[in-house]
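Undergrad: My questions all concern the structure below.
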Amino acid sequence: DGFTCPNCKQEGKKEHRFIAKKLPHSKLAKHVEDRVAHFLKKTPVDTNIGEVVIRVLSSFDKCVEVKPLFRARYPEATAKLPYRAKALFAFQKIDGVDVCFFGLHIQEYSSDCPAPNTRRVYIS
């Protein structure tokens, strides 16, 4: 066992309200979470693996401003490229604490976005 501070060992301590399972759901997070759960059930892995919770913690519309030197070289390029930015994270409860073990940042360019980013997705 590792170190656990005395405050974390207190009996009757109220449950933290920002646990991963209580964060808001989205269709994308539900789909990925179901696929991960199905994979973990059918794959012979360590039986001590807890439930994996997937949540989209951020999703908003943004625009990339094309830099002047790029526009000078490629005059047909538009000034702005609109996209949706998302942040998807995976959590697992380890020793009673939610631990984020995976993060995925996504840029989704729709069919309304001009070329070259029409209907593109970039992940990091």
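Labels used: A, B, ... for chains in the order of the structure tokens, numbers from 1 for residues in each chain, and numbers from 1 for ligands as shown.
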Would you return as a PyMOL selection string the members of chain A that DSSP assigns to strand (DSSP E or B) on this structure's backbone?

TA: chain A and resi 52-65+80-94+97-108+121-123

Undergrad: Please produce an output containing C-alpha atoms for each residue in the selection, written as a CSV table (one decimal), in the first residue's frame.

TA:
chain,number,residue,atom,x,y,z
A,52,VAL,CA,-14.0,2.7,-16.9
A,53,VAL,CA,-15.9,6.0,-17.1
A,54,ILE,CA,-15.6,8.1,-20.3
A,55,ARG,CA,-16.7,11.8,-20.4
A,56,VAL,CA,-16.5,14.7,-22.8
A,57,LEU,CA,-15.4,17.5,-20.5
A,58,SER,CA,-15.3,20.3,-23.1
A,59,SER,CA,-17.0,20.9,-26.4
A,60,PHE,CA,-17.2,24.3,-28.0
A,61,ASP,CA,-17.0,26.0,-31.4
A,62,LYS,CA,-13.8,27.9,-32.4
A,63,CYS,CA,-12.1,29.4,-35.4
A,64,VAL,CA,-8.5,29.0,-36.6
A,65,GLU,CA,-7.1,32.2,-38.0
A,80,LYS,CA,-10.8,31.7,-40.8
A,81,LEU,CA,-11.5,27.9,-40.5
A,82,PRO,CA,-14.4,27.1,-38.1
A,83,TYR,CA,-14.2,23.9,-36.0
A,84,ARG,CA,-15.6,22.2,-32.9
A,85,ALA,CA,-13.0,21.5,-30.2
A,86,LYS,CA,-13.7,18.5,-27.8
A,87,ALA,CA,-11.8,17.1,-24.9
A,88,LEU,CA,-12.6,13.4,-24.0
A,89,PHE,CA,-11.2,11.8,-20.9
A,90,ALA,CA,-11.2,8.2,-19.5
A,91,PHE,CA,-11.4,7.7,-15.7
A,92,GLN,CA,-11.0,4.6,-13.5
A,93,LYS,CA,-11.6,4.3,-9.8
A,94,ILE,CA,-8.4,3.1,-8.1
A,97,VAL,CA,-10.1,7.7,-6.1
A,98,ASP,CA,-11.0,8.6,-9.7
A,99,VAL,CA,-7.9,8.6,-11.8
A,100,CYS,CA,-7.7,10.0,-15.3
A,101,PHE,CA,-5.6,7.7,-17.3
A,102,PHE,CA,-6.4,8.9,-20.9
A,103,GLY,CA,-7.1,12.2,-22.6
A,104,LEU,CA,-8.0,12.9,-26.2
A,105,HIS,CA,-8.3,16.4,-27.7
A,106,ILE,CA,-10.3,16.6,-31.0
A,107,GLN,CA,-10.8,19.2,-33.6
A,108,GLU,CA,-13.8,18.5,-35.9
A,121,VAL,CA,-10.9,15.4,-37.8
A,122,TYR,CA,-7.6,16.0,-36.0
A,123,ILE,CA,-6.8,14.3,-32.8

Undergrad: Go ahead and compute the interatomic distance for CA of Cys113 (chain A) and CA of Val66 (chain A), in Å to one decimal.

TA: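 Between CA of Cys113 (chain A) and CA of Val66 (chain A) the gap works out to 13.0 Å.
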
Undergrad: Can you check which residues of region 6-119 of chain A DSSP gives as alpha helix (DSSP H) on the backbone and send them as a list of chain:residue names?

TA: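 In region 6-119 of chain A, DSSP puts these residues in alpha helix (DSSP H): A:Lys27, A:Leu28, A:Ala29, A:Lys30, A:His31, A:Val32, A:Glu33, A:Asp34, A:Arg35, A:Val36, A:Ala37, A:His38, A:Phe39, A:Leu40, A:Lys41, A:Lys42, A:Pro68, A:Leu69, A:Phe70, A:Arg71, A:Ala72, A:Arg73.
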